[in-house]
file coords_10.cif (mmCIF, C-alpha atoms and all ligand atoms)
data_final
loop_
_atom_site.label_atom_id
_atom_site.label_comp_id
_atom_site.auth_asym_id
_atom_site.auth_seq_id
_atom_site.Cartn_x
_atom_site.Cartn_y
_atom_site.Cartn_z
CA MET I 3 -3.74 -32.34 45.76
CA ARG I 4 -1.73 -32.82 48.94
CA SER I 5 1.46 -31.52 47.35
CA LEU I 6 -0.46 -28.61 45.85
CA ILE I 7 -1.69 -27.60 49.29
CA MET I 8 1.81 -27.69 50.66
CA ASP I 9 3.29 -25.76 47.75
CA MET I 10 0.61 -23.16 47.63
CA LYS I 11 0.34 -20.07 49.75
CA ALA I 12 -3.16 -19.24 50.85
CA ILE I 13 -5.17 -17.83 47.95
CA GLN I 14 -6.48 -14.38 48.79
CA MET I 15 -9.34 -12.40 47.29
CA VAL I 16 -6.77 -9.96 45.87
CA ASP I 17 -2.98 -10.03 45.43
CA LEU I 18 -1.70 -6.47 45.51
CA GLN I 19 1.84 -7.52 46.41
CA GLY I 20 2.18 -9.76 43.39
CA GLN I 21 0.70 -7.07 41.16
CA TYR I 22 3.15 -4.44 42.46
CA GLN I 23 6.16 -6.73 42.02
CA ARG I 24 5.50 -7.01 38.28
CA ILE I 25 5.60 -3.24 37.73
CA LYS I 26 7.84 -2.33 40.65
CA SER I 27 10.55 -0.56 38.68
CA GLU I 28 8.10 1.72 36.88
CA ILE I 29 6.15 2.49 40.04
CA ASP I 30 9.25 3.16 42.10
CA LEU I 31 10.54 5.55 39.44
CA ALA I 32 7.25 7.44 39.33
CA LEU I 33 7.17 7.68 43.13
CA GLN I 34 10.74 8.88 43.32
CA GLN I 35 9.93 11.61 40.84
CA VAL I 36 7.08 12.87 43.01
CA LEU I 37 9.33 12.80 46.07
CA ASP I 38 12.05 14.71 44.26
CA GLU I 39 9.66 17.35 42.94
CA ALA I 40 7.78 17.56 46.26
CA ARG I 41 4.59 18.88 44.68
CA PHE I 42 2.44 16.59 46.76
CA ILE I 43 -0.85 18.43 46.24
CA ASN I 44 -2.03 19.11 42.69
CA GLY I 45 1.34 18.26 41.18
CA PRO I 46 1.61 17.95 37.40
CA GLN I 47 0.94 14.19 37.63
CA VAL I 48 -2.66 14.91 38.68
CA ALA I 49 -3.47 16.89 35.55
CA SER I 50 -1.79 14.39 33.27
CA PHE I 51 -3.57 11.44 34.86
CA GLN I 52 -6.90 13.24 34.40
CA GLN I 53 -6.12 13.62 30.70
CA GLU I 54 -5.03 10.03 30.31
CA LEU I 55 -8.15 8.78 32.03
CA ALA I 56 -10.36 10.97 29.85
CA LEU I 57 -8.64 9.53 26.78
CA TYR I 58 -9.03 5.97 28.05
CA THR I 59 -12.69 6.25 28.96
CA GLY I 60 -13.86 8.68 26.31
CA ALA I 61 -15.18 11.02 29.03
CA GLN I 62 -15.23 14.70 28.08
CA HIS I 63 -13.98 15.76 31.51
CA VAL I 64 -12.38 13.95 34.42
CA VAL I 65 -12.31 15.49 37.89
CA THR I 66 -10.20 13.49 40.32
CA CYS I 67 -10.97 13.52 44.03
CA GLY I 68 -10.22 11.84 47.35
CA ASN I 69 -12.15 8.59 46.98
CA GLY I 70 -15.19 7.01 45.33
CA THR I 71 -17.56 8.06 48.09
CA ASP I 72 -16.51 11.70 47.67
CA ALA I 73 -16.95 11.32 43.92
CA LEU I 74 -20.59 10.36 44.50
CA GLN I 75 -21.11 13.18 46.97
CA ILE I 76 -19.54 15.82 44.73
CA ALA I 77 -21.51 14.56 41.73
CA LEU I 78 -24.77 14.87 43.65
CA MET I 79 -23.81 18.29 45.02
CA ALA I 80 -23.15 19.49 41.47
CA LEU I 81 -26.82 18.82 40.60
CA ASP I 82 -28.05 21.50 43.04
CA LEU I 83 -30.88 19.35 44.36
CA LYS I 84 -33.14 20.49 47.20
CA PRO I 85 -33.55 18.78 50.59
CA GLY I 86 -36.17 16.06 50.31
CA ASP I 87 -35.61 15.49 46.61
CA GLU I 88 -35.68 11.80 45.81
CA VAL I 89 -32.87 9.75 44.34
CA ILE I 90 -33.57 6.24 43.09
CA THR I 91 -30.98 3.52 43.62
CA THR I 92 -30.72 -0.13 44.67
CA PRO I 93 -30.35 -1.69 48.12
CA PHE I 94 -27.94 -4.43 46.98
CA THR I 95 -24.73 -2.39 46.90
CA PHE I 96 -21.96 -0.93 49.01
CA VAL I 97 -23.27 1.56 51.55
CA ALA I 98 -21.51 4.62 50.08
CA THR I 99 -24.17 5.19 47.45
CA VAL I 100 -26.95 5.63 49.97
CA GLU I 101 -24.78 7.32 52.56
CA VAL I 102 -24.09 10.36 50.40
CA ILE I 103 -27.71 10.71 49.32
CA THR I 104 -28.69 10.82 52.99
CA LEU I 105 -25.86 13.14 54.06
CA LEU I 106 -27.02 15.71 51.52
CA GLY I 107 -30.55 15.72 52.94
CA LEU I 108 -31.91 13.88 49.92
CA LYS I 109 -34.15 10.84 50.13
CA PRO I 110 -32.94 7.45 48.91
CA VAL I 111 -35.68 5.51 47.17
CA PHE I 112 -34.95 1.88 46.40
CA VAL I 113 -35.87 -0.38 43.54
CA ASP I 114 -34.90 -4.04 43.59
CA VAL I 115 -32.18 -5.62 41.46
CA CYS I 116 -32.36 -8.36 38.84
CA TRP I 117 -31.52 -11.86 40.03
CA ASP I 118 -29.32 -12.59 37.02
CA THR I 119 -27.14 -9.47 36.88
CA PHE I 120 -27.33 -8.01 40.43
CA ASN I 121 -28.13 -4.68 38.77
CA MET I 122 -31.09 -2.27 38.90
CA ASP I 123 -34.39 -3.76 37.76
CA VAL I 124 -35.46 -1.02 35.37
CA ARG I 125 -39.03 -2.34 35.19
CA GLN I 126 -39.55 -1.03 38.71
CA LEU I 127 -38.58 2.59 38.02
CA ASP I 128 -42.15 3.45 37.09
CA THR I 129 -43.46 2.22 40.42
CA VAL I 130 -41.41 4.63 42.56
CA LEU I 131 -41.52 7.78 40.43
CA THR I 132 -42.96 10.82 42.23
CA GLU I 133 -43.04 14.60 41.78
CA ARG I 134 -39.90 14.78 43.88
CA THR I 135 -37.85 12.24 41.95
CA LYS I 136 -34.80 14.09 40.63
CA ALA I 137 -32.07 11.56 39.95
CA ILE I 138 -31.20 7.90 39.45
CA ILE I 139 -27.97 6.30 40.62
CA PRO I 140 -27.49 2.99 38.84
CA VAL I 141 -24.68 0.92 40.36
CA HIS I 142 -22.67 -1.16 37.90
CA LEU I 143 -22.20 -3.94 40.40
CA PHE I 144 -19.32 -6.43 40.30
CA GLY I 145 -18.03 -5.04 36.98
CA GLN I 146 -21.04 -5.20 34.72
CA CYS I 147 -23.14 -2.21 33.67
CA ALA I 148 -26.78 -1.73 34.54
CA ASP I 149 -29.26 -1.46 31.67
CA MET I 150 -28.23 2.08 30.74
CA GLU I 151 -30.24 2.31 27.54
CA GLU I 152 -33.47 1.84 29.51
CA ILE I 153 -32.33 3.97 32.43
CA LEU I 154 -31.30 6.88 30.19
CA ALA I 155 -34.56 6.68 28.25
CA PHE I 156 -36.55 6.76 31.48
CA ALA I 157 -34.48 9.70 32.76
CA ARG I 158 -35.01 11.66 29.53
CA LYS I 159 -38.73 11.03 29.64
CA TYR I 160 -39.10 12.38 33.18
CA ASP I 161 -36.26 14.92 33.12
CA LEU I 162 -34.11 13.18 35.72
CA PHE I 163 -30.35 13.26 36.27
CA VAL I 164 -28.36 10.04 36.01
CA VAL I 165 -25.25 9.59 38.16
CA GLU I 166 -23.50 6.30 37.51
CA ASP I 167 -21.79 4.50 40.36
CA ALA I 168 -19.02 2.94 38.28
CA CYS I 169 -16.74 2.28 41.25
CA GLN I 170 -16.56 -1.42 40.38
CA ALA I 171 -16.81 -1.21 36.62
CA ILE I 172 -14.04 0.90 35.13
CA GLY I 173 -13.42 -0.23 31.55
CA SER I 174 -16.74 -2.02 31.21
CA THR I 175 -18.73 -1.02 28.11
CA VAL I 176 -22.36 -0.85 27.04
CA ARG I 177 -23.49 -1.43 23.48
CA PHE I 178 -26.56 0.67 22.63
CA SER I 179 -29.15 -0.30 20.06
CA ASP I 180 -27.85 2.38 17.66
CA GLY I 181 -24.54 0.52 17.65
CA SER I 182 -22.64 3.06 19.77
CA ILE I 183 -20.44 1.78 22.57
CA LYS I 184 -19.76 3.72 25.74
CA GLN I 185 -17.70 3.11 28.84
CA ALA I 186 -18.98 2.81 32.38
CA GLY I 187 -19.17 6.24 33.98
CA THR I 188 -19.47 8.17 30.72
CA MET I 189 -23.13 7.53 29.90
CA GLY I 190 -24.94 9.49 32.58
CA HIS I 191 -24.70 13.20 33.37
CA LEU I 192 -21.98 12.26 35.82
CA GLY I 193 -20.16 9.03 36.59
CA CYS I 194 -18.11 8.10 39.62
CA THR I 195 -15.26 5.71 40.14
CA SER I 196 -12.99 4.63 42.98
CA PHE I 197 -9.28 3.86 43.03
CA PHE I 198 -9.44 1.97 46.33
CA PRO I 199 -6.50 -0.48 46.17
CA SER I 200 -8.61 -3.57 45.42
CA LYS I 201 -10.72 -1.92 42.70
CA ASN I 202 -9.95 -2.84 39.08
CA LEU I 203 -7.80 0.29 38.75
CA GLY I 204 -6.52 0.72 42.28
CA CYS I 205 -3.96 3.12 43.73
CA TYR I 206 -1.95 2.66 46.93
CA GLY I 207 -4.36 4.44 49.23
CA ASP I 208 -7.60 6.31 48.59
CA GLY I 209 -8.56 7.94 45.32
CA GLY I 210 -11.55 8.62 43.12
CA ALA I 211 -12.75 10.38 40.00
CA ILE I 212 -15.84 11.91 38.47
CA PHE I 213 -16.56 11.65 34.75
CA VAL I 214 -18.57 14.53 33.30
CA GLN I 215 -19.82 15.16 29.79
CA ASP I 216 -21.03 18.76 30.15
CA GLU I 217 -18.41 21.47 30.54
CA GLU I 218 -20.37 23.63 32.95
CA LEU I 219 -21.22 20.66 35.14
CA ALA I 220 -17.55 19.64 35.13
CA ALA I 221 -16.49 23.13 36.24
CA ARG I 222 -19.05 22.94 39.03
CA ALA I 223 -17.79 19.52 40.20
CA ARG I 224 -14.21 20.77 40.13
CA GLN I 225 -15.18 23.85 42.10
CA ILE I 226 -17.08 21.82 44.71
CA ALA I 227 -14.09 19.51 45.21
CA THR I 228 -11.93 22.60 45.81
CA HIS I 229 -13.79 24.24 48.73
CA GLY I 230 -16.36 25.70 46.35
CA SER I 231 -13.69 27.88 44.86
CA SER I 232 -12.38 28.48 41.35
CA GLN I 233 -10.00 31.19 42.43
CA LYS I 234 -8.08 30.93 45.66
CA TYR I 235 -9.87 32.55 48.64
CA HIS I 236 -12.97 33.31 46.55
CA HIS I 237 -15.74 30.88 47.40
CA GLN I 238 -18.74 30.80 45.07
CA ARG I 239 -20.49 27.87 46.74
CA ILE I 240 -20.21 25.54 49.70
CA GLY I 241 -17.75 22.85 48.78
CA VAL I 242 -15.56 20.15 50.26
CA ASN I 243 -11.87 19.37 50.28
CA SER I 244 -11.36 16.27 48.18
CA ARG I 245 -8.20 15.74 46.16
CA LEU I 246 -6.30 12.91 44.55
CA ASP I 247 -2.76 13.00 45.98
CA THR I 248 0.04 13.57 43.46
CA ILE I 249 1.62 10.30 44.60
CA GLN I 250 -1.59 8.39 43.84
CA ALA I 251 -1.94 10.08 40.44
CA ALA I 252 1.61 9.06 39.55
CA ILE I 253 0.87 5.45 40.52
CA LEU I 254 -2.41 5.47 38.60
CA SER I 255 -0.73 6.79 35.45
CA VAL I 256 1.53 3.75 35.47
CA LYS I 257 -1.28 1.32 36.27
CA LEU I 258 -3.70 2.75 33.70
CA LYS I 259 -1.33 1.49 30.99
CA TYR I 260 -1.91 -2.02 32.30
CA LEU I 261 -5.66 -1.77 32.84
CA ASN I 262 -6.52 -3.64 29.64
CA ASP I 263 -4.11 -6.43 30.61
CA TYR I 264 -5.60 -6.51 34.08
CA THR I 265 -9.09 -6.76 32.66
CA ASP I 266 -7.98 -9.58 30.35
CA ALA I 267 -6.50 -11.45 33.30
CA ARG I 268 -9.76 -11.10 35.22
CA ARG I 269 -11.78 -12.29 32.24
CA LYS I 270 -9.49 -15.27 31.80
CA ALA I 271 -9.95 -16.26 35.42
CA ALA I 272 -13.71 -15.79 35.06
CA SER I 273 -13.90 -17.97 31.97
CA PHE I 274 -11.88 -20.65 33.75
CA TYR I 275 -14.39 -20.60 36.59
CA ASP I 276 -17.26 -20.55 34.09
CA ILE I 277 -16.15 -23.65 32.25
CA ALA I 278 -15.21 -25.56 35.37
CA LEU I 279 -18.46 -24.79 37.19
CA GLN I 280 -20.77 -25.39 34.22
CA ASN I 281 -22.58 -28.41 35.63
CA HIS I 282 -22.08 -27.79 39.29
CA PRO I 283 -25.15 -29.10 41.13
CA SER I 284 -25.41 -26.37 43.74
CA VAL I 285 -23.88 -23.13 42.50
CA GLU I 286 -25.18 -20.75 39.84
CA ARG I 287 -22.53 -18.90 37.84
CA PRO I 288 -22.71 -15.12 37.25
CA ALA I 289 -24.76 -14.24 34.17
CA THR I 290 -23.64 -11.70 31.60
CA ALA I 291 -26.12 -9.23 30.14
CA ASP I 292 -26.11 -9.04 26.35
CA PHE I 293 -25.75 -5.22 26.37
CA SER I 294 -22.75 -4.94 28.71
CA SER I 295 -19.23 -6.30 28.83
CA HIS I 296 -17.99 -7.58 32.16
CA VAL I 297 -14.74 -6.57 33.86
CA TYR I 298 -15.22 -8.98 36.79
CA HIS I 299 -14.50 -6.80 39.76
CA GLN I 300 -16.00 -9.81 41.50
CA TYR I 301 -16.83 -13.30 40.33
CA THR I 302 -19.95 -13.95 42.34
CA LEU I 303 -21.73 -17.29 42.65
CA LYS I 304 -25.19 -17.98 43.95
CA CYS I 305 -25.14 -20.94 46.31
CA MET I 306 -28.31 -23.01 46.23
CA ASN I 307 -30.01 -24.99 48.97
CA GLY I 308 -28.26 -23.15 51.78
CA CYS I 309 -24.83 -24.54 50.87
CA ARG I 310 -22.97 -21.21 51.15
CA GLU I 311 -21.64 -21.45 54.68
CA LYS I 312 -20.49 -25.03 54.17
CA LEU I 313 -18.78 -24.09 50.93
CA MET I 314 -17.03 -21.12 52.54
CA GLU I 315 -15.84 -23.26 55.42
CA SER I 316 -14.47 -25.93 53.12
CA LEU I 317 -12.70 -23.38 50.92
CA LYS I 318 -11.23 -21.78 54.00
CA SER I 319 -9.84 -25.04 55.29
CA ALA I 320 -8.12 -25.47 51.92
CA GLY I 321 -6.52 -22.02 52.23
CA ILE I 322 -8.85 -20.36 49.74
CA ALA I 323 -10.47 -17.04 50.61
CA SER I 324 -14.04 -16.21 49.64
CA ALA I 325 -16.27 -13.32 50.62
CA ILE I 326 -19.89 -12.25 50.85
CA TYR I 327 -20.71 -9.03 49.00
CA TYR I 328 -23.14 -8.03 50.45
CA PRO I 329 -24.55 -9.87 53.45
CA ILE I 330 -27.25 -7.34 54.39
CA PRO I 331 -29.12 -5.22 51.85
CA LEU I 332 -29.14 -1.53 52.68
CA HIS I 333 -32.88 -1.27 53.38
CA LEU I 334 -32.37 -3.67 56.30
CA GLN I 335 -29.36 -1.85 57.79
CA GLU I 336 -29.86 -0.25 61.17
CA ALA I 337 -28.66 3.15 59.96
CA TYR I 338 -31.35 3.26 57.28
CA ALA I 339 -34.24 1.91 59.32
CA TYR I 340 -35.62 5.47 59.38
CA LEU I 341 -36.49 5.10 55.70
CA GLY I 342 -39.26 2.78 56.82
CA TYR I 343 -38.54 -0.23 54.66
CA HIS I 344 -39.17 -3.76 55.90
CA LYS I 345 -38.02 -7.31 55.33
CA GLY I 346 -39.75 -8.53 52.21
CA ASP I 347 -39.75 -5.15 50.43
CA PHE I 348 -36.92 -6.14 48.06
CA PRO I 349 -37.11 -9.91 47.80
CA VAL I 350 -34.44 -10.31 45.13
CA SER I 351 -31.86 -8.29 47.06
CA GLU I 352 -32.72 -10.20 50.21
CA ALA I 353 -32.45 -13.57 48.48
CA LEU I 354 -29.12 -12.60 46.93
CA ALA I 355 -27.75 -11.41 50.26
CA SER I 356 -28.42 -14.86 51.66
CA CYS I 357 -26.77 -16.85 48.85
CA VAL I 358 -24.01 -14.89 47.10
CA LEU I 359 -20.38 -15.90 47.41
CA SER I 360 -17.49 -14.20 45.65
CA LEU I 361 -14.42 -16.24 44.69
CA PRO I 362 -10.84 -14.99 44.56
CA MET I 363 -10.65 -12.64 41.57
CA HIS I 364 -7.56 -10.63 40.73
CA THR I 365 -4.89 -10.06 38.14
CA GLU I 366 -2.33 -12.50 39.53
CA LEU I 367 -4.30 -15.76 39.62
CA ASP I 368 -2.42 -18.46 37.75
CA GLU I 369 -3.72 -21.65 36.25
CA ASN I 370 -2.51 -23.82 39.15
CA GLN I 371 -4.36 -21.68 41.64
CA LEU I 372 -7.51 -21.67 39.53
CA LYS I 373 -7.38 -25.45 39.12
CA TYR I 374 -6.90 -25.84 42.85
CA ILE I 375 -9.86 -23.56 43.66
CA VAL I 376 -12.13 -25.29 41.19
CA ALA I 377 -11.14 -28.76 42.39
CA HIS I 378 -12.27 -27.72 45.84
CA LEU I 379 -15.54 -26.26 44.66
CA LYS I 380 -16.38 -29.53 43.00
C1 LIG S 1 -15.82 1.09 46.45
C2 LIG S 1 -17.18 1.57 46.19
C3 LIG S 1 -17.58 2.86 46.55
C4 LIG S 1 -16.75 3.79 47.37
O1 LIG S 1 -15.45 3.99 46.98
P1 LIG S 1 -14.37 4.47 48.07
O2 LIG S 1 -13.20 4.87 47.21
O3 LIG S 1 -14.07 3.32 48.94
O4 LIG S 1 -14.94 5.61 48.81
C5 LIG S 1 -18.86 3.27 46.18
N1 LIG S 1 -19.70 2.46 45.53
C6 LIG S 1 -19.36 1.21 45.19
C7 LIG S 1 -20.34 0.36 44.46
C8 LIG S 1 -18.09 0.72 45.51
O5 LIG S 1 -17.77 -0.54 45.20
#

call {"tool": "encode", "arguments": {"input": "coords_10.cif", "output": "structure tokens", "more": "lines below"}}
Ligand SMILES: *Cc1c(COP(=O)(O)O)cnc(C)c1O
result
Amino acid sequence: MRSLIMDMKAIQMVDLQGQYQRIKSEIDLALQQVLDEARFINGPQVASFQQELALYTGAQHVVTCGNGTDALQIALMALDLKPGDEVITTPFTFVATVEVITLLGLKPVFVDVCWDTFNMDVRQLDTVLTERTKAIIPVHLFGQCADMEEILAFARKYDLFVVEDACQAIGSTVRFSDGSIKQAGTMGHLGCTSFFPSKNLGCYGDGGAIFVQDEELAARARQIATHGSSQKYHHQRIGVNSRLDTIQAAILSVKLKYLNDYTDARRKAASFYDIALQNHPSVERPATADFSSHVYHQYTLKCMNGCREKLMESLKSAGIASAIYYPIPLHLQEAYAYLGYHKGDFPVSEALASCVLSLPMHTELDENQLKYIVAHLK
């Protein structure tokens, strides 16, 4: 162990440098081409990446934009909801989801998540439905899809829109009871993803995309992302300026070819953790739902008996990073106090916030590093 510590650089949550080094020549070539052509906004690489991503995911239409948060905002704007309309989502997620609902004058309404999967507890949808409920945003947290069959059935029954937050789950799939298989982001009316560098398909800056099945809705999303305009200097609606840079599209085209390999690498690391932590007395391993595959954006443990902080400390002293996603559920955040929720309203989210711990999870983890991490956890 001592020699391992000395040989080993600190193990980070992600290793973007190592990942770049393996595809450096391809990336550098793609970048050079963009520099030479100097079509930095809406260059040809943007359109081709959109097509490639549509092919990969099976989405009818892909509209790229500036980041995952913008993707969510544009998707919601495309639904033409009215101020005060209610959008159901979960409080155990990254803040972006709720932020955009609020910014658009809509009302976030929370349901709790399931302890096992960290995803929306569909049994609670009934309890929050009102006349004003217009949409549901399921978040496919940590790389595993929410129970989309149930969510879509509920939405059909009450005529609601479904906007998937697939920012952490690109490439994850759901198997429906009719045998069909669909990718994260392509099941709802709209789906959103992020190309933030540490996401499963990350670029070298900010980027995002919206998946749309309906042609008219896709045209609307594209128009909104382009200042509400389909023809230059003619503005049909109030829009935003949100674009994927040509440079980022060129990078993403290269990296998309490796996404399946990246997912395999993540799954391999996860199964190593799974086996090694099988009989661990004080951590619970992440569960996998039977209807969804897992792309392990995060490998997230639950630490029992208040052992999290001790575990984090001990990992840290061994040069191993770990992180808490997310330490405070959104209904208890200062910014969202105005919604009127209280401690105790979402007991599962609150319990998870106090015990979750994510381990290093990326495409460059090798067996020595994994063995070293696991030895420390034990
Ligand atoms: C990353 C993320 C976002 C936002 O994506 P950005 O590209 O950082 O704006 C939204 N929702 C979830 C669940 C995310 O993980």

call {"tool": "residues_near_point", "arguments": {"input": "coords_10.cif", "point": "(-17.0, 4.8, 38.6)", "cutoff": "9 Å", "atoms": "all atoms listed in the file", "output": "list in words"}}
result
Gly70, Ala73, Leu74, Val141, His142, Glu166, Asp167, Ala168, Cys169, Gln170, Ala171, Ile172, Ala186, Gly187, Thr188, Gly193, Cys194, Thr195, Ser196, Phe197, Gly210, Ala211, Ile212 and Phe213 of chain I

call {"tool": "atom_distance", "arguments": {"input": "coords_10.cif", "atom1": "atom CA of Gly181 of chain I", "atom2": "atom CA of Gln62 of chain I"}}
result
19.9 Å

call {"tool": "residues_around", "arguments": {"input": "coords_10.cif", "residues": "segment 46-58 of chain I", "least_positions_apart": "6", "cutoff": "7 Å", "atoms": "only C-alpha atoms", "output": "list in words"}}
result
Val64, Val65, Thr66, Thr248, Ala251, Ala252 and Ser255 of chain I

call {"tool": "closest_atom_pairs", "arguments": {"input": "coords_10.cif", "of": "segment 293-343 of chain I", "to": "segment 117-125 of chain I", "cutoff": "12 Å", "atoms": "only C-alpha atoms", "output": "JSON lines"}}
result
{"residue": "I:Phe293", "atom": "CA", "partner": "I:Thr119", "partner_atom": "CA", "distance": 11.4}
{"residue": "I:Ser294", "atom": "CA", "partner": "I:Thr119", "partner_atom": "CA", "distance": 10.3}
{"residue": "I:Ser295", "atom": "CA", "partner": "I:Thr119", "partner_atom": "CA", "distance": 11.7}
{"residue": "I:His296", "atom": "CA", "partner": "I:Thr119", "partner_atom": "CA", "distance": 10.5}
{"residue": "I:Tyr298", "atom": "CA", "partner": "I:Thr119", "partner_atom": "CA", "distance": 11.9}
{"residue": "I:Gln300", "atom": "CA", "partner": "I:Phe120", "partner_atom": "CA", "distance": 11.5}
{"residue": "I:Tyr301", "atom": "CA", "partner": "I:Thr119", "partner_atom": "CA", "distance": 11.5}
{"residue": "I:Thr302", "atom": "CA", "partner": "I:Phe120", "partner_atom": "CA", "distance": 9.7}
{"residue": "I:Leu303", "atom": "CA", "partner": "I:Asp118", "partner_atom": "CA", "distance": 10.6}
{"residue": "I:Lys304", "atom": "CA", "partner": "I:Trp117", "partner_atom": "CA", "distance": 9.6}
{"residue": "I:Tyr327", "atom": "CA", "partner": "I:Phe120", "partner_atom": "CA", "distance": 10.9}
{"residue": "I:Tyr328", "atom": "CA", "partner": "I:Phe120", "partner_atom": "CA", "distance": 10.9}
{"residue": "I:Pro331", "atom": "CA", "partner": "I:Phe120", "partner_atom": "CA", "distance": 11.9}

call {"tool": "atom_distance", "arguments": {"input": "coords_10.cif", "atom1": "atom CA of Ile138 of chain I", "atom2": "atom CA of Val164 of chain I"}}
result
4.9 Å

call {"tool": "atom_distance", "arguments": {"input": "coords_10.cif", "atom1": "atom CA of Ala12 of chain I", "atom2": "atom C7 of ligand LIG 1 (chain S)"}}
result
26.8 Å

call {"tool": "residues_around", "arguments": {"input": "coords_10.cif", "residues": "Glu369 of chain I", "least_positions_apart": "3", "cutoff": "9 Å", "atoms": "all atoms listed in the file", "output": "list in words"}}
result
Ala271, Phe274, Leu372, Lys373 and Tyr374 of chain I

call {"tool": "closest_residue", "arguments": {"input": "coords_10.cif", "among": "I:Leu162, I:Leu203, I:Ile13, I:Ile43", "to": "ligand LIG 1 (chain S)", "atoms": "all atoms listed in the file"}}
result
I:Leu203

call {"tool": "axis_aligned_box", "arguments": {"input": "coords_10.cif", "around": "segment 208-222 of chain I", "padding_each_side": "6 Å", "output": "JSON"}}
result
{"center_x": -14.4, "center_y": 15.0, "center_z": 39.2, "size_x": 25.6, "size_y": 29.3, "size_z": 30.8}

call {"tool": "residues_around", "arguments": {"input": "coords_10.cif", "residues": "Ser200 of chain I", "least_positions_apart": "3", "cutoff": "9 Å", "atoms": "all atoms listed in the file", "output": "list in words"}}
result
Val16, Asp17, Leu18, Phe197, Leu203, Gly204, Cys205, His299 and His364 of chain I

call {"tool": "residues_near_point", "arguments": {"input": "coords_10.cif", "point": "(-21.4, -6.0, 30.9)", "cutoff": "8 Å", "atoms": "all atoms listed in the file", "output": "PyMOL selection string"}}
result
chain I and resi 145-148+174-176+290-297

call {"tool": "write_last_selection", "arguments": {"input": "coords_10.cif", "atoms": "C-alpha atoms", "output": "mmCIF file, in the coordinates of the input"}}
result
data_model
loop_
_atom_site.group_PDB
_atom_site.id
_atom_site.type_symbol
_atom_site.label_atom_id
_atom_site.label_comp_id
_atom_site.auth_asym_id
_atom_site.auth_seq_id
_atom_site.Cartn_x
_atom_site.Cartn_y
_atom_site.Cartn_z
ATOM 1 C CA GLY I 145 -18.030 -5.040 36.980
ATOM 2 C CA GLN I 146 -21.040 -5.200 34.720
ATOM 3 C CA CYS I 147 -23.140 -2.210 33.670
ATOM 4 C CA ALA I 148 -26.780 -1.730 34.540
ATOM 5 C CA SER I 174 -16.740 -2.020 31.210
ATOM 6 C CA THR I 175 -18.730 -1.020 28.110
ATOM 7 C CA VAL I 176 -22.360 -0.850 27.040
ATOM 8 C CA THR I 290 -23.640 -11.700 31.600
ATOM 9 C CA ALA I 291 -26.120 -9.230 30.140
ATOM 10 C CA ASP I 292 -26.110 -9.040 26.350
ATOM 11 C CA PHE I 293 -25.750 -5.220 26.370
ATOM 12 C CA SER I 294 -22.750 -4.940 28.710
ATOM 13 C CA SER I 295 -19.230 -6.300 28.830
ATOM 14 C CA HIS I 296 -17.990 -7.580 32.160
ATOM 15 C CA VAL I 297 -14.740 -6.570 33.860
#

call {"tool": "residues_around", "arguments": {"input": "coords_10.cif", "residues": "Val89 of chain I", "least_positions_apart": "3", "cutoff": "9 Å", "atoms": "all atoms listed in the file", "output": "short mmCIF file (atom, residue, chain, number, x, y, z; two decimals) with C-alpha atoms, keeping the file's coordinate frame"}}
result
data_model
loop_
_atom_site.label_atom_id
_atom_site.label_comp_id
_atom_site.auth_asym_id
_atom_site.auth_seq_id
_atom_site.Cartn_x
_atom_site.Cartn_y
_atom_site.Cartn_z
CA ILE I 103 -27.71 10.71 49.32
CA LEU I 108 -31.91 13.88 49.92
CA LYS I 109 -34.15 10.84 50.13
CA PRO I 110 -32.94 7.45 48.91
CA VAL I 111 -35.68 5.51 47.17
CA PHE I 112 -34.95 1.88 46.40
CA ARG I 134 -39.90 14.78 43.88
CA THR I 135 -37.85 12.24 41.95
CA LYS I 136 -34.80 14.09 40.63
CA ALA I 137 -32.07 11.56 39.95
CA ILE I 138 -31.20 7.90 39.45
CA ILE I 139 -27.97 6.30 40.62
#

call {"tool": "decode", "arguments": {"input": "coords_10.cif", "residues": "segment 249-254 of chain I", "atoms": "N, CA, C and O atoms", "output": "short mmCIF file (atom, residue, chain, number, x, y, z; two decimals), in the first residue's frame"}}
result
data_model
loop_
_atom_site.label_atom_id
_atom_site.label_comp_id
_atom_site.auth_asym_id
_atom_site.auth_seq_id
_atom_site.Cartn_x
_atom_site.Cartn_y
_atom_site.Cartn_z
N ILE I 249 -16.52 25.34 -32.30
CA ILE I 249 -15.38 24.61 -31.71
C ILE I 249 -15.87 23.47 -30.82
O ILE I 249 -15.34 22.35 -30.88
N GLN I 250 -16.90 23.74 -30.03
CA GLN I 250 -17.42 22.68 -29.14
C GLN I 250 -18.08 21.57 -29.94
O GLN I 250 -17.96 20.39 -29.61
N ALA I 251 -18.78 21.95 -31.02
CA ALA I 251 -19.43 20.93 -31.87
C ALA I 251 -18.38 20.02 -32.49
O ALA I 251 -18.56 18.80 -32.58
N ALA I 252 -17.27 20.62 -32.93
CA ALA I 252 -16.20 19.82 -33.55
C ALA I 252 -15.62 18.83 -32.54
O ALA I 252 -15.37 17.66 -32.86
N ILE I 253 -15.42 19.29 -31.31
CA ILE I 253 -14.90 18.42 -30.25
C ILE I 253 -15.90 17.30 -29.96
O ILE I 253 -15.55 16.12 -29.83
N LEU I 254 -17.18 17.68 -29.88
CA LEU I 254 -18.21 16.69 -29.53
C LEU I 254 -18.37 15.63 -30.62
O LEU I 254 -18.66 14.47 -30.32
#
